[in-house]
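Structure below is input_33.pdb: PDB, C-alpha atoms (C1' of nucleotides).
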ATOM      1  CA  MET A   1      12.970  21.941 -26.460  1.00  0.00           C
ATOM      2  CA  LYS A   2       9.503  21.408 -27.727  1.00  0.00           C
ATOM      3  CA  THR A   3       9.473  20.402 -31.319  1.00  0.00           C
ATOM      4  CA  LYS A   4       7.663  17.944 -33.478  1.00  0.00           C
ATOM      5  CA  GLN A   5      10.641  15.671 -33.241  1.00  0.00           C
ATOM      6  CA  ASP A   6      10.320  15.785 -29.498  1.00  0.00           C
ATOM      7  CA  PHE A   7       6.743  14.667 -29.732  1.00  0.00           C
ATOM      8  CA  PHE A   8       7.705  11.805 -31.985  1.00  0.00           C
ATOM      9  CA  ASP A   9      10.413  10.800 -29.593  1.00  0.00           C
ATOM     10  CA  ARG A  10       7.955  10.643 -26.721  1.00  0.00           C
ATOM     11  CA  VAL A  11       5.644   8.496 -28.732  1.00  0.00           C
ATOM     12  CA  TYR A  12       8.445   6.126 -29.579  1.00  0.00           C
ATOM     13  CA  LYS A  13       9.496   5.828 -25.974  1.00  0.00           C
ATOM     14  CA  LEU A  14       5.984   5.171 -24.810  1.00  0.00           C
ATOM     15  CA  VAL A  15       5.368   2.570 -27.459  1.00  0.00           C
ATOM     16  CA  ALA A  16       8.622   0.896 -26.563  1.00  0.00           C
ATOM     17  CA  LYS A  17       7.402   0.609 -22.986  1.00  0.00           C
ATOM     18  CA  ILE A  18       4.263  -1.267 -23.830  1.00  0.00           C
ATOM     19  CA  PRO A  19       4.535  -4.635 -22.095  1.00  0.00           C
ATOM     20  CA  ARG A  20       4.383  -7.778 -24.155  1.00  0.00           C
ATOM     21  CA  GLY A  21       0.876  -9.123 -24.377  1.00  0.00           C
ATOM     22  CA  LYS A  22      -0.656  -5.699 -23.842  1.00  0.00           C
ATOM     23  CA  VAL A  23      -1.969  -3.013 -26.127  1.00  0.00           C
ATOM     24  CA  THR A  24      -2.667   0.682 -25.831  1.00  0.00           C
ATOM     25  CA  THR A  25      -4.538   3.283 -27.785  1.00  0.00           C
ATOM     26  CA  TYR A  26      -3.495   6.292 -29.813  1.00  0.00           C
ATOM     27  CA  GLY A  27      -5.465   8.565 -27.569  1.00  0.00           C
ATOM     28  CA  ALA A  28      -3.706   7.261 -24.505  1.00  0.00           C
ATOM     29  CA  ILE A  29      -0.322   7.862 -26.055  1.00  0.00           C
ATOM     30  CA  ALA A  30      -1.316  11.296 -27.231  1.00  0.00           C
ATOM     31  CA  GLU A  31      -2.607  12.293 -23.836  1.00  0.00           C
ATOM     32  CA  ALA A  32       0.394  10.808 -22.125  1.00  0.00           C
ATOM     33  CA  CYS A  33       2.490  13.048 -24.353  1.00  0.00           C
ATOM     34  CA  GLY A  34       0.452  16.013 -23.278  1.00  0.00           C
ATOM     35  CA  ILE A  35      -1.948  16.402 -26.160  1.00  0.00           C
ATOM     36  CA  ARG A  36      -4.966  14.200 -26.339  1.00  0.00           C
ATOM     37  CA  SER A  37      -6.251  15.929 -29.441  1.00  0.00           C
ATOM     38  CA  SER A  38      -3.394  14.929 -31.652  1.00  0.00           C
ATOM     39  CA  ALA A  39      -3.978  11.244 -31.658  1.00  0.00           C
ATOM     40  CA  ARG A  40      -3.676  11.422 -35.410  1.00  0.00           C
ATOM     41  CA  THR A  41      -0.124  12.597 -35.176  1.00  0.00           C
ATOM     42  CA  VAL A  42       0.644   9.571 -33.066  1.00  0.00           C
ATOM     43  CA  GLY A  43      -0.357   7.463 -35.997  1.00  0.00           C
ATOM     44  CA  TRP A  44       2.000   9.428 -38.170  1.00  0.00           C
ATOM     45  CA  ALA A  45       4.793   8.880 -35.741  1.00  0.00           C
ATOM     46  CA  LEU A  46       4.181   5.167 -35.803  1.00  0.00           C
ATOM     47  CA  ASN A  47       4.082   5.255 -39.557  1.00  0.00           C
ATOM     48  CA  GLY A  48       7.766   6.061 -39.566  1.00  0.00           C
ATOM     49  CA  ALA A  49       8.376   3.750 -36.656  1.00  0.00           C
ATOM     50  CA  SER A  50       6.900   0.628 -38.203  1.00  0.00           C
ATOM     51  CA  GLU A  51      10.324  -0.075 -39.658  1.00  0.00           C
ATOM     52  CA  SER A  52      12.225   1.026 -36.591  1.00  0.00           C
ATOM     53  CA  GLY A  53      11.602  -2.162 -34.689  1.00  0.00           C
ATOM     54  CA  LEU A  54       9.061  -0.617 -32.375  1.00  0.00           C
ATOM     55  CA  PRO A  55       6.130  -2.700 -31.153  1.00  0.00           C
ATOM     56  CA  CYS A  56       3.688  -0.569 -33.052  1.00  0.00           C
ATOM     57  CA  HIS A  57       1.470  -3.592 -33.461  1.00  0.00           C
ATOM     58  CA  ARG A  58       0.565  -3.118 -29.820  1.00  0.00           C
ATOM     59  CA  VAL A  59      -1.040   0.192 -30.623  1.00  0.00           C
ATOM     60  CA  VAL A  60      -4.671   0.052 -31.624  1.00  0.00           C
ATOM     61  CA  ASN A  61      -7.538   2.461 -31.753  1.00  0.00           C
ATOM     62  CA  ARG A  62     -10.026   2.984 -28.942  1.00  0.00           C
ATOM     63  CA  PHE A  63     -12.226   0.116 -30.028  1.00  0.00           C
ATOM     64  CA  GLY A  64      -9.396  -2.337 -30.246  1.00  0.00           C
ATOM     65  CA  ALA A  65      -9.499  -2.439 -34.010  1.00  0.00           C
ATOM     66  CA  LEU A  66      -6.202  -2.969 -35.802  1.00  0.00           C
ATOM     67  CA  THR A  67      -6.489   0.133 -37.903  1.00  0.00           C
ATOM     68  CA  GLY A  68      -2.789   0.216 -38.589  1.00  0.00           C
ATOM     69  CA  LYS A  69      -2.572  -3.252 -40.018  1.00  0.00           C
ATOM     70  CA  ILE A  70      -2.737  -1.846 -43.518  1.00  0.00           C
ATOM     71  CA  HIS A  71       0.669  -0.316 -42.914  1.00  0.00           C
ATOM     72  CA  PHE A  72       2.223  -3.615 -42.030  1.00  0.00           C
ATOM     73  CA  GLY A  73       2.310  -4.869 -45.558  1.00  0.00           C
ATOM     74  CA  ASP A  74       0.041  -7.798 -44.938  1.00  0.00           C
ATOM     75  CA  PHE A  75      -3.260  -7.416 -43.165  1.00  0.00           C
ATOM     76  CA  HIS A  76      -2.851 -10.578 -41.121  1.00  0.00           C
ATOM     77  CA  LEU A  77       0.665  -9.770 -40.024  1.00  0.00           C
ATOM     78  CA  MET A  78      -0.301  -7.446 -37.194  1.00  0.00           C
ATOM     79  CA  GLU A  79      -2.951  -9.841 -35.983  1.00  0.00           C
ATOM     80  CA  ASP A  80      -0.527 -12.726 -36.023  1.00  0.00           C
ATOM     81  CA  MET A  81       2.022 -10.771 -34.045  1.00  0.00           C
ATOM     82  CA  LEU A  82      -0.509  -9.900 -31.391  1.00  0.00           C
ATOM     83  CA  ARG A  83      -1.765 -13.455 -31.207  1.00  0.00           C
ATOM     84  CA  SER A  84       1.804 -14.632 -30.823  1.00  0.00           C
ATOM     85  CA  GLU A  85       1.987 -12.496 -27.717  1.00  0.00           C
ATOM     86  CA  GLY A  86      -1.071 -14.100 -26.247  1.00  0.00           C
ATOM     87  CA  ILE A  87      -3.530 -11.367 -27.054  1.00  0.00           C
ATOM     88  CA  GLU A  88      -7.089 -12.498 -27.526  1.00  0.00           C
ATOM     89  CA  PHE A  89      -9.358 -11.117 -30.183  1.00  0.00           C
ATOM     90  CA  ASP A  90     -12.995 -10.345 -29.968  1.00  0.00           C
ATOM     91  CA  GLU A  91     -15.577 -11.842 -32.253  1.00  0.00           C
ATOM     92  CA  ASP A  92     -15.501  -8.649 -34.227  1.00  0.00           C
ATOM     93  CA  GLY A  93     -11.803  -9.019 -34.917  1.00  0.00           C
ATOM     94  CA  CYS A  94     -10.915  -6.415 -32.306  1.00  0.00           C
ATOM     95  CA  VAL A  95      -8.514  -6.877 -29.417  1.00  0.00           C
ATOM     96  CA  ASN A  96     -10.084  -7.755 -26.092  1.00  0.00           C
ATOM     97  CA  MET A  97      -9.478  -4.366 -24.541  1.00  0.00           C
ATOM     98  CA  GLU A  98     -10.793  -5.265 -21.113  1.00  0.00           C
ATOM     99  CA  LYS A  99      -8.040  -7.831 -20.732  1.00  0.00           C
ATOM    100  CA  HIS A 100      -5.149  -6.430 -22.691  1.00  0.00           C
ATOM    101  CA  LEU A 101      -5.517  -2.671 -22.548  1.00  0.00           C
ATOM    102  CA  TRP A 102      -2.486  -1.052 -20.963  1.00  0.00           C
ATOM    103  CA  ILE A 103      -2.356   2.556 -19.890  1.00  0.00           C
ATOM    104  CA  PRO A 104       0.891   4.460 -19.258  1.00  0.00           C
ATOM    105  CA  THR A 105       1.519   5.070 -15.596  1.00  0.00           C
ATOM    106  CA  LYS A 106       1.571   8.815 -16.035  1.00  0.00           C
ATOM    107  CA  LEU A 107      -1.750   8.791 -17.721  1.00  0.00           C
ATOM    108  CA  LYS A 108      -3.225   6.470 -15.154  1.00  0.00           C
ATOM    109  CA  ALA A 109      -2.785   9.033 -12.427  1.00  0.00           C
ATOM    110  CA  LYS A 110      -4.252  11.661 -14.685  1.00  0.00           C
ATOM    111  CA  MET A 111      -7.368   9.832 -15.695  1.00  0.00           C
ATOM    112  CA  LYS A 112      -8.143   9.055 -12.113  1.00  0.00           C
ATOM    113  CA  LYS A 113      -9.926  12.359 -11.979  1.00  0.00           C
ATOM    114  CA  LYS A 114     -12.269  11.917 -14.852  1.00  0.00           C
ATOM    115  CA  LYS A 115     -14.518   9.035 -15.516  1.00  0.00           C
ATOM    116  CA  THR A 116     -15.576   8.669 -19.062  1.00  0.00           C
ATOM    117  CA  SER A 117     -18.822   6.995 -19.847  1.00  0.00           C
ATOM    118  CA  SER A 118     -17.193   4.111 -21.589  1.00  0.00           C
ATOM    119  CA  ALA A 119     -20.514   2.343 -21.662  1.00  0.00           C
ATOM    120  CA  VAL A 120     -21.773   4.730 -24.280  1.00  0.00           C
ATOM    121  CA  ARG A 121     -18.705   4.427 -26.430  1.00  0.00           C
ATOM    122  CA  SER A 122     -18.656   0.692 -26.044  1.00  0.00           C
ATOM    123  CA  ALA A 123     -22.038   0.642 -27.670  1.00  0.00           C
ATOM    124  CA  LYS A 124     -20.491   2.406 -30.586  1.00  0.00           C
ATOM    125  CA  LYS A 125     -17.876  -0.238 -31.093  1.00  0.00           C
ATOM    126  CA  PRO A 126     -20.099  -2.757 -32.867  1.00  0.00           C
ATOM    127  CA  ARG A 127     -20.986  -0.104 -35.377  1.00  0.00           C
ATOM    128  CA  LEU A 128     -17.380   0.518 -36.288  1.00  0.00           C
ATOM    129  CA  SER A 129     -16.418  -3.092 -36.520  1.00  0.00           C
ATOM    130  CA  ARG A 130     -19.461  -3.709 -38.611  1.00  0.00           C
ATOM    131  CA  GLN A 131     -17.284  -3.081 -41.645  1.00  0.00           C
TER
ATOM    132  C1'  DA B   1       1.792  29.730 -48.892  1.00  0.00           C
ATOM    133  C1'  DT B   2      -2.619  27.092 -49.199  1.00  0.00           C
ATOM    134  C1'  DT B   3      -5.374  22.879 -49.524  1.00  0.00           C
ATOM    135  C1'  DA B   4      -6.088  18.090 -48.731  1.00  0.00           C
ATOM    136  C1'  DT B   5      -5.368  13.685 -46.296  1.00  0.00           C
ATOM    137  C1'  DG B   6      -4.507  10.690 -42.290  1.00  0.00           C
ATOM    138  C1'  DA B   7      -2.725   4.044 -38.155  1.00  0.00           C
ATOM    139  C1'  DC B   8      -7.870   9.394 -34.178  1.00  0.00           C
ATOM    140  C1'  DC B   9     -10.895  11.329 -30.286  1.00  0.00           C
ATOM    141  C1'  DT B  10     -14.523  14.049 -28.067  1.00  0.00           C
ATOM    142  C1'  DG B  11     -18.644  16.529 -28.016  1.00  0.00           C
ATOM    143  C1'  DT B  12     -23.243  17.811 -29.524  1.00  0.00           C
ATOM    144  C1'  DG B  13     -27.908  17.212 -32.253  1.00  0.00           C
TER
ATOM    145  C1'  DA C   1     -28.670   5.023 -28.555  1.00  0.00           C
ATOM    146  C1'  DC C   2     -27.059   6.643 -33.378  1.00  0.00           C
ATOM    147  C1'  DA C   3     -25.316  10.097 -36.683  1.00  0.00           C
ATOM    148  C1'  DC C   4     -22.817  14.261 -37.877  1.00  0.00           C
ATOM    149  C1'  DA C   5     -19.353  17.714 -37.308  1.00  0.00           C
ATOM    150  C1'  DG C   6     -15.343  19.831 -35.272  1.00  0.00           C
ATOM    151  C1'  DG C   7     -10.688  19.819 -33.665  1.00  0.00           C
ATOM    152  C1'  DC C   8      -5.843  19.035 -33.412  1.00  0.00           C
ATOM    153  C1'  DC C   9      -0.960  18.223 -35.340  1.00  0.00           C
ATOM    154  C1'  DA C  10       2.147  16.788 -38.971  1.00  0.00           C
ATOM    155  C1'  DT C  11       3.107  15.498 -43.896  1.00  0.00           C
ATOM    156  C1'  DA C  12       2.295  15.567 -49.016  1.00  0.00           C
ATOM    157  C1'  DA C  13       0.976  17.811 -53.298  1.00  0.00           C
TER
END

Serialized structure, structure tokens:
Amino acid sequence: MKTKQDFFDRVYKLVAKIPRGKVTTYGAIAEACGIRSSARTVGWALNGASESGLPCHRVVNRFGALTGKIHFGDFHLMEDMLRSEGIEFDEDGCVNMEKHLWIPTKLKAKMKKKKTSSAVRSAKKPRLSRQ
DNA sequence: ATTATGACCTGTG
DNA sequence: ACACAGGCCATAA
């Protein structure tokens, strides 16, 4: 059956499959669940999952920024957890996506078709992390 | 039932 | 290359 709960469940399962020392993005999860446009809902799902023992700290936004750290109680908690797993941070405080970004296998096969101009969006990253 | 907000992303000017 | 606006789905008031 296709319900909201089903979507949440998929998100949880995907997040649970994120390898230690790796991170993924909301968009990747959303698209892996079949809807790339509802990346926001993924965040909502994680909001309820932050206390469910899921590695939600391994989920970051497209730029590697820890946008969800504010939901961890302490801002440095999420960062500490990631660092404990061997994840390196950029000078901007963002996760080193090139090294630690992990994409679900299903999505990998999908995105083989398209090639996004990540160069353009990468240029945007400094602007976001500019606080 | 409608409006507003959110741990976001993509596309166009 | 940067800035603005739209969209999409679920929850809260």

Check: which chain A residues lie within 6 Å of chain C using all atoms listed in the file, as a ChimeraX atom specification: /A:37-38,41

Given only C-alpha atoms (C1' of nucleotides) as the basis, pick out the residue of A:Leu54, A:Met81, A:Ala32, A:Val42 nearest to chain B. A:Val42

Measure the distance from CA of His57 in chain A to CA of Leu14 in chain A in Å and round it to one decimal. 13.1 Å

Applying the PyMOL selection byres ((chain B) within 8 of (chain A)) to the file I just gave you, which residues come out? Please list them as a PyMOL selection string. chain B and resi 6-9

Pull out every residue that the PyMOL selection byres ((chain A and resi 84-94) around 8) matches in the shown coordinates and put them as a list in words.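 That expression, the PyMOL selection byres ((chain A and resi 84-94) around 8), corresponds here to Arg20, Gly21, Lys22, Phe63, Gly64, Ala65, Leu66, Asp80, Met81, Leu82, Arg83, Val95, Asn96, His100, Pro126, Ser129 and Arg130 of chain A.
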
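Separating C1' of DT5 in chain B from CA of Gly48 in chain A is a distance of 16.6 Å.
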
Between CA of Pro104 in chain A and CA of Lys13 in chain A, what distance in Å does the model show, to one decimal? 11.0 Å
